file model.txt (compact mmCIF, C-alpha atoms)
# COMPACT_ATOMS: atom_id res chain seq x y z
CA MET C 1 -21.10 -13.07 5.71
CA MET C 2 -19.86 -12.94 9.31
CA ASP C 3 -19.02 -9.51 10.75
CA LEU C 4 -15.63 -9.95 12.42
CA GLU C 5 -15.17 -6.47 13.93
CA GLY C 6 -15.98 -7.66 17.45
CA ALA C 7 -14.98 -11.30 16.99
CA THR C 8 -12.54 -13.24 19.15
CA ARG C 9 -9.30 -14.59 17.69
CA ALA C 10 -10.81 -18.09 17.70
CA GLN C 11 -13.88 -16.91 15.77
CA ILE C 12 -11.69 -15.12 13.23
CA ALA C 13 -9.54 -18.24 12.75
CA ALA C 14 -12.61 -20.45 12.29
CA HIS C 15 -14.04 -18.09 9.68
CA GLN C 16 -10.73 -17.90 7.83
CA LEU C 17 -10.27 -21.68 7.86
CA GLN C 18 -13.73 -22.25 6.37
CA ARG C 19 -13.06 -19.72 3.60
CA LEU C 20 -9.59 -21.14 2.95
CA GLN C 21 -10.78 -24.74 2.70
CA GLU C 22 -13.60 -23.75 0.33
CA GLY C 23 -11.14 -21.92 -1.90
CA LEU C 24 -8.53 -24.67 -1.88
CA ARG C 25 -11.15 -27.13 -3.07
CA ARG C 26 -11.96 -24.79 -5.95
CA ILE C 27 -8.41 -24.36 -7.16
CA SER C 28 -6.80 -27.73 -6.36
CA THR C 29 -8.02 -29.33 -9.59
CA HIS C 30 -8.75 -26.29 -11.76
CA ASN C 31 -5.77 -23.95 -11.34
CA ARG C 32 -2.66 -25.25 -13.12
CA PHE C 33 -0.28 -22.86 -11.37
CA TYR C 34 -1.25 -24.01 -7.89
CA GLU C 35 -1.74 -27.63 -8.93
CA ARG C 36 1.97 -27.67 -9.81
CA LYS C 37 2.95 -25.93 -6.56
CA PHE C 38 0.92 -28.37 -4.46
CA ALA C 39 2.38 -31.36 -6.31
CA SER C 40 5.97 -30.14 -5.97
CA ALA C 41 5.43 -29.70 -2.23
CA GLY C 42 3.81 -33.14 -1.91
CA LEU C 43 0.79 -31.43 -0.41
CA ASN C 44 -2.69 -32.86 0.06
CA ILE C 45 -5.05 -29.95 0.59
CA ASP C 46 -7.31 -32.11 2.78
CA ASP C 47 -4.51 -32.00 5.36
CA ILE C 48 -5.17 -28.28 5.94
CA GLN C 49 -7.27 -28.53 9.10
CA SER C 50 -6.22 -25.34 10.89
CA ILE C 51 -4.86 -21.89 10.12
CA ALA C 52 -1.54 -23.07 11.58
CA ASN C 53 -1.41 -25.68 8.79
CA LEU C 54 -1.25 -22.83 6.29
CA ALA C 55 2.52 -22.83 6.88
CA TRP C 56 2.65 -26.16 5.01
CA LEU C 57 1.80 -24.33 1.80
CA PRO C 58 4.80 -22.99 -0.15
CA PHE C 59 5.24 -19.23 -0.45
CA THR C 60 4.21 -17.52 -3.69
CA ILE C 61 6.55 -14.82 -4.97
CA LYS C 62 6.08 -12.24 -7.69
CA ARG C 63 8.88 -13.47 -9.94
CA GLU C 64 7.15 -16.89 -10.07
CA LEU C 65 4.02 -15.25 -11.45
CA VAL C 66 6.00 -13.15 -13.92
CA ALA C 67 7.89 -16.25 -15.14
CA ASP C 68 4.59 -18.12 -15.41
CA GLN C 69 3.14 -15.41 -17.66
CA GLU C 70 6.24 -15.54 -19.82
CA GLU C 71 5.92 -19.32 -20.14
CA TYR C 72 2.15 -19.30 -20.68
CA PRO C 73 1.43 -15.96 -22.40
CA PRO C 74 -0.34 -13.67 -22.15
CA PHE C 75 -2.02 -14.26 -18.76
CA GLY C 76 -0.19 -17.23 -17.27
CA SER C 77 -1.70 -20.33 -15.68
CA ASN C 78 -2.86 -18.86 -12.35
CA LEU C 79 -6.43 -18.93 -13.64
CA THR C 80 -9.07 -21.11 -12.04
CA TYR C 81 -11.75 -20.68 -14.70
CA ALA C 82 -12.07 -20.58 -18.48
CA PRO C 83 -10.95 -17.29 -20.10
CA SER C 84 -14.56 -16.37 -20.88
CA ALA C 85 -15.30 -16.13 -17.12
CA TYR C 86 -13.04 -13.09 -16.69
CA ILE C 87 -14.29 -9.55 -17.22
CA ARG C 88 -11.42 -7.26 -16.20
CA LEU C 89 -7.67 -6.98 -16.72
CA HIS C 90 -5.35 -4.82 -14.65
CA GLN C 91 -1.60 -4.76 -14.24
CA THR C 92 1.03 -3.86 -11.68
CA SER C 93 2.94 -0.62 -12.05
CA GLY C 94 6.14 -2.35 -13.11
CA THR C 95 8.26 -0.23 -10.74
CA THR C 96 10.20 -3.35 -9.70
CA GLY C 97 10.37 -5.00 -13.12
CA HIS C 98 8.01 -6.46 -15.71
CA PRO C 99 4.32 -5.54 -15.16
CA LEU C 100 2.16 -8.44 -14.02
CA LYS C 101 -1.25 -8.88 -15.64
CA ILE C 102 -4.11 -9.95 -13.36
CA LEU C 103 -7.59 -11.04 -14.49
CA ASP C 104 -10.76 -10.84 -12.38
CA THR C 105 -14.16 -12.48 -12.70
CA GLN C 106 -17.34 -10.59 -11.81
CA GLU C 107 -17.38 -12.40 -8.46
CA ASN C 108 -13.79 -11.34 -7.81
CA TRP C 109 -14.51 -7.76 -8.85
CA ASP C 110 -17.45 -7.56 -6.45
CA TRP C 111 -15.09 -8.83 -3.74
CA TRP C 112 -12.60 -6.03 -4.55
CA ALA C 113 -15.37 -3.46 -4.13
CA LYS C 114 -16.38 -4.99 -0.80
CA CYS C 115 -12.79 -4.72 0.46
CA TRP C 116 -12.64 -1.03 -0.51
CA GLU C 117 -15.99 -0.46 1.18
CA THR C 118 -14.32 -1.61 4.42
CA VAL C 119 -11.57 0.99 3.90
CA TYR C 120 -14.12 3.78 3.42
CA ARG C 121 -16.35 2.82 6.34
CA ALA C 122 -13.36 2.66 8.70
CA ALA C 123 -12.50 6.24 7.68
CA GLY C 124 -16.07 7.39 8.27
CA VAL C 125 -17.20 7.86 4.66
CA THR C 126 -21.00 7.92 4.31
CA LYS C 127 -23.64 8.27 1.63
CA GLU C 128 -23.76 11.99 2.40
CA ASP C 129 -20.17 12.54 1.23
CA ILE C 130 -18.91 13.61 -2.20
CA LEU C 131 -15.76 11.70 -3.05
CA PHE C 132 -13.11 13.00 -5.47
CA LEU C 133 -10.71 10.50 -7.05
CA ALA C 134 -7.59 12.44 -8.05
CA PHE C 135 -6.24 9.78 -10.39
CA GLY C 136 -5.84 9.20 -14.10
CA PHE C 137 -7.89 6.07 -14.78
CA GLY C 138 -5.30 3.83 -16.47
CA PRO C 139 -4.60 0.07 -16.29
CA PHE C 140 -3.86 0.11 -12.56
CA ILE C 141 -6.46 -1.47 -10.32
CA GLY C 142 -6.45 0.98 -7.39
CA PHE C 143 -8.41 3.73 -9.15
CA TRP C 144 -11.14 1.47 -10.49
CA SER C 145 -11.57 -0.56 -7.30
CA ALA C 146 -11.71 2.62 -5.19
CA TYR C 147 -14.51 3.85 -7.44
CA GLU C 148 -16.41 0.55 -7.16
CA GLY C 149 -16.08 0.56 -3.38
CA ALA C 150 -17.61 4.03 -3.16
CA LYS C 151 -20.57 2.82 -5.22
CA ARG C 152 -21.31 0.19 -2.55
CA ILE C 153 -21.70 2.96 0.03
CA GLY C 154 -23.78 5.07 -2.34
CA THR C 155 -21.40 8.02 -2.24
CA LEU C 156 -21.47 10.51 -5.11
CA THR C 157 -18.10 9.92 -6.77
CA VAL C 158 -16.27 12.36 -9.04
CA PRO C 159 -13.53 10.87 -11.27
CA GLY C 160 -10.55 13.20 -11.70
CA GLY C 161 -8.97 11.58 -14.75
CA GLY C 162 -7.87 13.68 -17.72
CA MET C 163 -7.34 16.81 -15.63
CA THR C 164 -4.31 18.89 -14.69
CA SER C 165 -3.56 19.36 -11.00
CA LEU C 166 -5.02 22.88 -11.10
CA GLN C 167 -8.17 21.63 -12.83
CA ARG C 168 -8.57 18.98 -10.13
CA LEU C 169 -8.29 21.59 -7.40
CA GLN C 170 -10.91 23.70 -9.10
CA ALA C 171 -13.19 20.71 -9.73
CA LEU C 172 -13.14 19.40 -6.17
CA GLN C 173 -14.08 22.87 -4.93
CA ASP C 174 -16.74 23.38 -7.60
CA VAL C 175 -18.56 20.15 -6.69
CA GLY C 176 -18.07 20.59 -2.94
CA ALA C 177 -16.08 17.36 -2.51
CA THR C 178 -15.74 16.21 1.10
CA VAL C 179 -13.38 13.23 0.60
CA LEU C 180 -10.14 13.20 -1.40
CA VAL C 181 -8.59 9.90 -2.55
CA CYS C 182 -5.04 9.96 -3.97
CA THR C 183 -1.45 9.06 -3.13
CA PRO C 184 0.05 10.96 -0.17
CA SER C 185 2.68 12.48 -2.46
CA TYR C 186 -0.01 13.81 -4.75
CA ALA C 187 -1.99 15.30 -1.85
CA LEU C 188 1.13 17.27 -0.93
CA HIS C 189 1.66 18.26 -4.56
CA LEU C 190 -1.93 19.54 -4.83
CA ALA C 191 -1.35 21.54 -1.65
CA GLU C 192 1.79 23.03 -3.20
CA ILE C 193 -0.14 24.04 -6.34
CA ALA C 194 -2.87 25.55 -4.17
CA ARG C 195 -0.33 27.71 -2.33
CA GLU C 196 1.20 28.89 -5.61
CA GLN C 197 -2.24 29.76 -7.00
CA HIS C 198 -3.46 31.31 -3.72
CA ILE C 199 -6.25 28.75 -3.41
CA PRO C 200 -7.30 28.51 0.27
CA LEU C 201 -7.62 24.75 0.82
CA HIS C 202 -8.82 25.28 4.38
CA LYS C 203 -11.98 26.81 2.89
CA SER C 204 -12.73 23.71 0.83
CA ARG C 205 -15.24 21.16 2.12
CA ILE C 206 -12.68 18.31 2.21
CA ARG C 207 -12.99 16.66 5.63
CA LEU C 208 -11.25 13.34 4.94
CA THR C 209 -8.28 12.35 2.80
CA ILE C 210 -7.64 8.66 2.05
CA HIS C 211 -4.32 7.56 0.63
CA ALA C 212 -2.87 4.51 -1.09
CA GLY C 213 -0.10 3.49 -3.45
CA GLU C 214 2.91 4.20 -1.22
CA PRO C 215 3.89 4.65 2.43
CA GLY C 216 3.21 8.15 3.69
CA ALA C 217 -0.16 8.53 5.34
CA SER C 218 1.01 6.38 8.27
CA ILE C 219 4.28 8.31 8.64
CA PRO C 220 3.50 10.80 11.46
CA ALA C 221 5.21 13.86 9.94
CA THR C 222 3.75 13.19 6.50
CA ARG C 223 0.24 12.67 7.86
CA LYS C 224 0.53 15.86 9.92
CA ARG C 225 1.66 17.81 6.88
CA ILE C 226 -1.27 16.57 4.78
CA GLU C 227 -3.76 17.27 7.56
CA GLU C 228 -2.45 20.79 8.11
CA ALA C 229 -2.51 21.55 4.38
CA TRP C 230 -6.04 20.28 3.83
CA GLY C 231 -7.62 20.87 7.23
CA ALA C 232 -8.86 17.29 7.09
CA GLU C 233 -8.35 13.97 8.87
CA THR C 234 -6.01 11.66 6.94
CA PHE C 235 -6.35 7.88 6.59
CA ASP C 236 -4.06 5.24 5.10
CA HIS C 237 -4.92 2.20 3.03
CA ALA C 238 -2.80 -0.75 1.91
CA GLY C 239 -3.40 -2.98 -1.08
CA MET C 240 -1.69 -4.73 -3.97
CA THR C 241 -2.83 -5.63 -7.48
CA GLU C 242 -1.81 -9.24 -6.85
CA ILE C 243 -3.59 -9.45 -3.48
CA GLY C 244 -6.45 -7.00 -2.96
CA ALA C 245 -7.30 -4.07 -0.69
CA TYR C 246 -6.18 -5.73 2.52
CA GLY C 247 -5.59 -2.95 5.05
CA PHE C 248 -7.07 0.24 6.47
CA THR C 249 -6.52 2.73 9.27
CA CYS C 250 -9.02 3.67 11.96
CA SER C 251 -9.62 6.82 13.99
CA ALA C 252 -6.88 5.81 16.47
CA HIS C 253 -4.21 6.17 13.74
CA THR C 254 -1.84 3.66 15.36
CA GLY C 255 -1.26 1.59 12.23
CA ILE C 256 -2.94 -0.43 9.52
CA HIS C 257 -5.58 -3.02 10.42
CA ILE C 258 -5.64 -6.20 8.35
CA ASN C 259 -9.11 -6.96 6.96
CA GLU C 260 -9.11 -10.47 8.43
CA GLU C 261 -12.55 -11.26 7.08
CA GLU C 262 -11.00 -11.40 3.60
CA PHE C 263 -7.28 -12.03 4.19
CA ILE C 264 -4.97 -14.20 6.26
CA ALA C 265 -1.81 -12.32 7.25
CA GLU C 266 1.53 -13.65 8.41
CA ILE C 267 4.65 -11.69 9.31
CA VAL C 268 7.86 -13.63 8.75
CA GLN C 269 11.59 -13.13 9.02
CA PRO C 270 12.67 -12.30 5.45
CA HIS C 271 15.56 -14.78 5.33
CA SER C 272 14.25 -17.75 7.34
CA GLY C 273 10.53 -17.46 6.62
CA GLN C 274 9.80 -18.09 10.31
CA ALA C 275 7.00 -16.17 12.02
CA VAL C 276 7.91 -13.12 14.10
CA THR C 277 6.27 -12.24 17.40
CA GLU C 278 4.51 -9.09 18.57
CA GLY C 279 6.83 -6.09 18.53
CA GLU C 280 9.15 -7.58 15.90
CA LYS C 281 9.54 -6.47 12.29
CA GLY C 282 9.30 -8.77 9.30
CA GLU C 283 7.94 -9.28 5.81
CA LEU C 284 4.17 -9.29 5.32
CA VAL C 285 2.78 -12.47 3.74
CA LEU C 286 -0.87 -12.55 2.63
CA THR C 287 -3.46 -15.07 1.48
CA ASN C 288 -6.65 -13.69 -0.04
CA LEU C 289 -9.95 -15.45 0.64
CA GLY C 290 -12.29 -14.10 -2.03
CA ARG C 291 -10.38 -13.91 -5.29
CA TRP C 292 -10.31 -17.53 -6.29
CA GLY C 293 -10.30 -16.78 -10.01
CA SER C 294 -6.70 -15.49 -9.66
CA PRO C 295 -5.72 -16.48 -6.12
CA ALA C 296 -2.65 -15.61 -4.07
CA LEU C 297 -1.63 -18.11 -1.39
CA ARG C 298 1.06 -17.09 1.10
CA TYR C 299 2.15 -14.25 -1.17
CA ARG C 300 5.36 -12.57 -0.07
CA THR C 301 4.57 -8.89 -0.46
CA GLY C 302 8.12 -7.62 0.04
CA ASP C 303 6.72 -5.04 2.49
CA LEU C 304 8.40 -4.48 5.83
CA VAL C 305 5.95 -4.20 8.75
CA GLU C 306 5.93 -4.41 12.54
CA HIS C 307 3.65 -6.90 14.32
CA GLY C 308 1.48 -4.60 16.42
CA GLY C 309 -0.62 -7.22 18.18
CA TYR C 310 -4.41 -7.38 18.22
CA ALA C 311 -5.52 -4.55 20.54
CA CYS C 312 -6.50 -1.07 19.36
CA ALA C 313 -8.23 1.89 20.97
CA CYS C 314 -10.91 1.67 18.27
CA GLY C 315 -12.04 -1.68 19.70
CA ARG C 316 -11.14 -3.83 16.71
CA GLY C 317 -9.29 -7.07 17.47
CA SER C 318 -7.72 -7.59 14.06
CA LEU C 319 -3.98 -7.82 13.44
CA LEU C 320 -2.42 -4.36 13.54
CA LEU C 321 0.61 -3.33 11.51
CA LYS C 322 2.16 -0.75 13.82
CA GLY C 323 3.13 2.37 11.89
CA GLY C 324 1.70 0.99 8.64
CA ILE C 325 3.98 -0.13 5.82
CA LEU C 326 7.49 0.77 6.93
CA GLY C 327 9.08 0.24 3.53
CA ARG C 328 10.28 -2.52 1.26
CA VAL C 329 12.32 -5.35 2.73
CA ASP C 330 15.02 -4.70 0.13
CA ASP C 331 14.88 -0.88 0.55
CA MET C 332 17.02 -0.80 3.66
CA LEU C 333 20.28 1.08 3.21
CA ILE C 334 23.30 0.47 5.42
CA VAL C 335 25.13 3.78 5.57
CA ARG C 336 28.34 3.70 7.61
CA GLY C 337 26.93 0.89 9.74
CA VAL C 338 23.51 2.49 10.30
CA ASN C 339 20.33 0.81 9.03
CA LEU C 340 18.30 3.46 7.22
CA TYR C 341 14.84 3.18 5.63
CA PRO C 342 13.41 5.76 3.20
CA SER C 343 10.27 6.05 5.35
CA ALA C 344 12.38 7.10 8.34
CA LEU C 345 14.02 9.81 6.23
CA ALA C 346 10.59 11.00 5.11
CA ASP C 347 9.44 11.30 8.71
CA VAL C 348 12.27 13.76 9.44
CA LEU C 349 12.11 15.72 6.19
CA HIS C 350 8.35 16.24 6.29
CA ARG C 351 8.64 17.97 9.66
CA PHE C 352 9.98 21.00 7.78
CA PRO C 353 7.24 22.95 5.95
CA GLU C 354 9.97 24.76 3.97
CA ILE C 355 10.79 21.52 2.11
CA ALA C 356 8.69 21.25 -1.04
CA GLU C 357 10.23 18.04 -2.43
CA TYR C 358 13.33 15.90 -1.99
CA GLN C 359 15.38 13.16 -3.63
CA VAL C 360 17.72 10.53 -2.17
CA LEU C 361 20.79 9.67 -4.26
CA VAL C 362 22.39 6.34 -3.35
CA THR C 363 26.01 5.80 -4.39
CA ARG C 364 28.82 3.41 -3.47
CA ASP C 365 32.26 4.57 -2.41
CA GLY C 366 34.99 2.06 -1.55
CA GLY C 367 32.44 -0.73 -1.12
CA MET C 368 30.28 1.32 1.27
CA ASP C 369 26.83 2.72 0.51
CA GLU C 370 26.50 6.50 0.81
CA ILE C 371 23.52 8.82 0.38
CA THR C 372 23.13 12.45 -0.60
CA LEU C 373 19.90 14.42 -0.26
CA ARG C 374 18.74 16.88 -2.88
CA VAL C 375 16.15 19.11 -1.25
CA GLU C 376 13.98 21.95 -2.54
CA CYS C 377 14.44 24.35 0.35
CA PRO C 378 16.15 27.63 1.26
CA ALA C 379 19.93 27.20 1.59
CA GLU C 380 19.84 28.60 5.13
CA LEU C 381 17.71 25.61 6.22
CA VAL C 382 20.47 23.08 5.41
CA PRO C 383 22.46 23.31 8.71
CA ARG C 384 19.31 22.86 10.82
CA LEU C 385 18.14 19.99 8.63
CA GLN C 386 21.53 18.27 8.84
CA GLU C 387 21.47 18.56 12.63
CA ASN C 388 17.99 16.98 12.82
CA LEU C 389 19.13 14.11 10.59
CA ARG C 390 22.27 13.65 12.71
CA LEU C 391 20.19 13.46 15.90
CA ALA C 392 17.77 10.98 14.30
CA PHE C 393 20.31 8.65 12.67
CA SER C 394 23.72 9.50 14.16
CA LEU C 395 24.89 10.27 10.62
CA ARG C 396 26.08 13.36 8.82
CA ILE C 397 24.17 13.27 5.55
CA PRO C 398 25.29 15.59 2.73
CA ILE C 399 22.48 17.89 1.56
CA GLU C 400 22.23 19.86 -1.67
CA ALA C 401 19.66 22.67 -1.64
CA VAL C 402 18.12 23.05 -5.11
CA GLU C 403 15.81 25.62 -6.69
CA PRO C 404 12.00 25.28 -6.48
CA GLN C 405 10.43 23.01 -9.11
CA THR C 406 13.79 21.32 -9.81
CA LEU C 407 12.71 17.85 -8.67
CA PRO C 408 9.91 15.73 -10.19
CA ARG C 409 6.38 15.53 -8.78
CA PHE C 410 4.31 12.35 -8.70
CA GLU C 411 0.67 11.45 -9.20
CA LEU C 412 1.28 7.73 -8.71
CA LYS C 413 3.99 6.07 -6.61
CA ALA C 414 6.72 8.55 -5.78
CA ARG C 415 10.22 7.53 -6.91
CA ARG C 416 12.39 9.60 -4.61
CA VAL C 417 15.23 7.10 -4.13
CA ILE C 418 17.63 7.16 -7.09
CA ASP C 419 20.03 4.22 -6.95
CA GLN C 420 23.29 5.13 -8.69
CA ARG C 421 25.26 2.16 -7.36
CA PRO C 422 27.02 0.08 -10.04
CA ARG C 423 25.16 -3.06 -11.04
CA ALA C 424 26.77 -6.38 -10.12

call {"tool": "encode", "arguments": {"input": "model.txt", "output": "structure tokens"}}
result
Amino acid sequence: MMDLEGATRAQIAAHQLQRLQEGLRRISTHNRFYERKFASAGLNIDDIQSIANLAWLPFTIKRELVADQEEYPPFGSNLTYAPSAYIRLHQTSGTTGHPLKILDTQENWDWWAKCWETVYRAAGVTKEDILFLAFGFGPFIGFWSAYEGAKRIGTLTVPGGGMTSLQRLQALQDVGATVLVCTPSYALHLAEIAREQHIPLHKSRIRLTIHAGEPGASIPATRKRIEEAWGAETFDHAGMTEIGAYGFTCSAHTGIHINEEEFIAEIVQPHSGQAVTEGEKGELVLTNLGRWGSPALRYRTGDLVEHGGYACACGRGSLLLKGGILGRVDDMLIVRGVNLYPSALADVLHRFPEIAEYQVLVTRDGGMDEITLRVECPAELVPRLQENLRLAFSLRIPIEAVEPQTLPRFELKARRVIDQRPRA
């Protein structure tokens, strides 16, 4: 397999085109879901002779796959091989609706592990490390694929399933773990538990923390807070059950690199579907190049990103998502004429070490969206916090200070935005 870390854009495109054409030949006559999509678009796959031609393929969206599984239960028709070829089943979290079931062959599963290996190596994980996975090992793919990726490096890996937060803190210290893998919210929650229990995290051997599952580790204030709590360097990772582990951060911490050896990325205007240019924001669209048993072609992720170009201080020439995942395309709130993303709120709130947790309540008053913040913090902090929010967003945002441990904590994706607007 070609190493693309120092490759030119032309070399990357040639590699991607070869992989894409090989995959299209596999699925064009064996995958009923994409056979129907190609036919409805009047598409001949032999016409795909450049990466630019990829735009001729129709987008794939999640609700299509969900509807397909409802029509062809239980696994849908986006399967290239006979059922006996598949060895693993995982599902999406269902936070945006009905969980989607995804099957993988052994070849596909090995590919997942290879993608996670790229994440680890970019963060500096080596065979000498001891890696602690602070997850409950359920039906979600991130935990299992993270474990498999560590095996490729040869790292001693400690699964943290079936433990309380306190037990995990004790276990990672007992085994001398040097790398922590969890969501950014959970890293902050573990740090909160450590403070309450007078556990000195700075004396642990953790030197790296790697995060996935939600935006956070690429938000400057959140990353700083995690690094200060753990005394470790923090790295972000981006992936989706439907797509694969497609992105990673490097030591420059300027954004998320796309793993272009295994994925083709586009950034498009959400409404028109037209490509954006460097410096513009849009929706991330991905095509995976090694999961042909359950492929995703031009999959609209729903994630808002900024095209960061192809230059990075680390020397990689891959597409950079500046600032990581900025949020969901449909997460944007318009509050009194101001565009507001939850990730931007998090960047302000996490600058205050006094804030243990927060919640965003979204309501509608007279046809206008309004937000109220519920924050676990001392009441005397509220005026200073309101002033910082006003300076950041030119808005006066109501804040309710609540008692410690009032708001929920999260091991998986944090659900801090509570939408109380009436349904249409």

call {"tool": "residues_around", "arguments": {"input": "model.txt", "residues": "Ile210 of chain C", "least_positions_apart": "3", "cutoff": "10 Å", "atoms": "all atoms listed in the file", "output": "PyMOL selection string"}}
result
chain C and resi 119-120+123+125+133+179-184+187+217+233-237+248-249

call {"tool": "write_last_selection", "arguments": {"input": "model.txt", "atoms": "C-alpha atoms", "output": "PDB file, in the frame of the given file"}}
result
ATOM      1  CA  VAL C 119     -11.570   0.990   3.900  1.00  0.00           C
ATOM      2  CA  TYR C 120     -14.120   3.780   3.420  1.00  0.00           C
ATOM      3  CA  ALA C 123     -12.500   6.240   7.680  1.00  0.00           C
ATOM      4  CA  VAL C 125     -17.200   7.860   4.660  1.00  0.00           C
ATOM      5  CA  LEU C 133     -10.710  10.500  -7.050  1.00  0.00           C
ATOM      6  CA  VAL C 179     -13.380  13.230   0.600  1.00  0.00           C
ATOM      7  CA  LEU C 180     -10.140  13.200  -1.400  1.00  0.00           C
ATOM      8  CA  VAL C 181      -8.590   9.900  -2.550  1.00  0.00           C
ATOM      9  CA  CYS C 182      -5.040   9.960  -3.970  1.00  0.00           C
ATOM     10  CA  THR C 183      -1.450   9.060  -3.130  1.00  0.00           C
ATOM     11  CA  PRO C 184       0.050  10.960  -0.170  1.00  0.00           C
ATOM     12  CA  ALA C 187      -1.990  15.300  -1.850  1.00  0.00           C
ATOM     13  CA  ALA C 217      -0.160   8.530   5.340  1.00  0.00           C
ATOM     14  CA  GLU C 233      -8.350  13.970   8.870  1.00  0.00           C
ATOM     15  CA  THR C 234      -6.010  11.660   6.940  1.00  0.00           C
ATOM     16  CA  PHE C 235      -6.350   7.880   6.590  1.00  0.00           C
ATOM     17  CA  ASP C 236      -4.060   5.240   5.100  1.00  0.00           C
ATOM     18  CA  HIS C 237      -4.920   2.200   3.030  1.00  0.00           C
ATOM     19  CA  PHE C 248      -7.070   0.240   6.470  1.00  0.00           C
ATOM     20  CA  THR C 249      -6.520   2.730   9.270  1.00  0.00           C
TER      21      THR C 249
END

call {"tool": "residues_around", "arguments": {"input": "model.txt", "residues": "Gly176 of chain C", "least_positions_apart": "6", "cutoff": "8 Å", "atoms": "all atoms listed in the file", "output": "list of chain:residue names"}}
result
C:Ile130, C:Ser204, C:Arg205, C:Ile206

call {"tool": "closest_residue", "arguments": {"input": "model.txt", "among": "C:Leu103, C:Leu289, C:Ile199, C:Leu172", "to": "Glu22 of chain C", "atoms": "only C-alpha atoms"}}
result
C:Leu289

call {"tool": "residues_around", "arguments": {"input": "model.txt", "residues": "Arg36 of chain C", "least_positions_apart": "5", "cutoff": "12 Å", "atoms": "all atoms listed in the file", "output": "PyMOL selection string"}}
result
chain C and resi 27-31+41-43+58+64+68+77-78

call {"tool": "closest_atom_pairs", "arguments": {"input": "model.txt", "of": "segment 152-264 of chain C", "to": "segment 307-331 of chain C", "cutoff": "9 Å", "atoms": "all atoms listed in the file", "output": "CSV"}}
result
residue,atom,partner,partner_atom,distance
C:Glu214,CA,C:Ile325,CA,8.3
C:Pro215,CA,C:Ile325,CA,5.9
C:Gly216,CA,C:Ile325,CA,8.6
C:Ala217,CA,C:Gly324,CA,8.4
C:Ser218,CA,C:Gly324,CA,5.4
C:Ile219,CA,C:Gly323,CA,6.9
C:Pro220,CA,C:Gly323,CA,8.4
C:Asp236,CA,C:Gly324,CA,8.0
C:His237,CA,C:Gly324,CA,8.8
C:Ala238,CA,C:Ile325,CA,7.9
C:Gly247,CA,C:Leu321,CA,9.0
C:Thr249,CA,C:Gly324,CA,8.4
C:Cys250,CA,C:Cys314,CA,6.9
C:Ser251,CA,C:Cys314,CA,6.8
C:Ala252,CA,C:Cys314,CA,6.1
C:His253,CA,C:Gly323,CA,8.5
C:Thr254,CA,C:Lys322,CA,6.1
C:Gly255,CA,C:Lys322,CA,4.4
C:Ile256,CA,C:Gly324,CA,4.9
C:His257,CA,C:Leu320,CA,4.6
C:Ile258,CA,C:Leu319,CA,5.6
C:Asn259,CA,C:Ser318,CA,7.3
C:Glu260,CA,C:Ser318,CA,6.5

call {"tool": "atom_distance", "arguments": {"input": "model.txt", "atom1": "atom CA of Leu333 of chain C", "atom2": "atom CA of Phe393 of chain C"}}
result
12.1 Å

call {"tool": "decode", "arguments": {"input": "model.txt", "residues": "segment 48-67 of chain C", "atoms": "C-alpha atoms", "output": "PDB file, in the first residue's frame"}}
result
ATOM      1  CA  ILE C  48     -15.473   7.577 -13.723  1.00  0.00           C
ATOM      2  CA  GLN C  49     -12.011   8.420 -15.046  1.00  0.00           C
ATOM      3  CA  SER C  50     -10.917  11.062 -12.532  1.00  0.00           C
ATOM      4  CA  ILE C  51     -11.585  12.105  -8.955  1.00  0.00           C
ATOM      5  CA  ALA C  52     -13.456  15.115 -10.364  1.00  0.00           C
ATOM      6  CA  ASN C  53     -15.905  12.655 -11.962  1.00  0.00           C
ATOM      7  CA  LEU C  54     -16.878  11.531  -8.464  1.00  0.00           C
ATOM      8  CA  ALA C  55     -19.332  14.447  -8.473  1.00  0.00           C
ATOM      9  CA  TRP C  56     -21.393  12.503 -11.034  1.00  0.00           C
ATOM     10  CA  LEU C  57     -22.291   9.995  -8.339  1.00  0.00           C
ATOM     11  CA  PRO C  58     -25.414  10.840  -6.315  1.00  0.00           C
ATOM     12  CA  PHE C  59     -25.022  11.683  -2.632  1.00  0.00           C
ATOM     13  CA  THR C  60     -25.835   9.009  -0.046  1.00  0.00           C
ATOM     14  CA  ILE C  61     -27.728  10.181   3.038  1.00  0.00           C
ATOM     15  CA  LYS C  62     -28.425   8.427   6.306  1.00  0.00           C
ATOM     16  CA  ARG C  63     -32.201   8.402   5.984  1.00  0.00           C
ATOM     17  CA  GLU C  64     -31.816   6.466   2.699  1.00  0.00           C
ATOM     18  CA  LEU C  65     -29.922   3.739   4.529  1.00  0.00           C
ATOM     19  CA  VAL C  66     -32.427   3.692   7.393  1.00  0.00           C
ATOM     20  CA  ALA C  67     -35.340   3.428   4.927  1.00  0.00           C
TER      21      ALA C  67
END
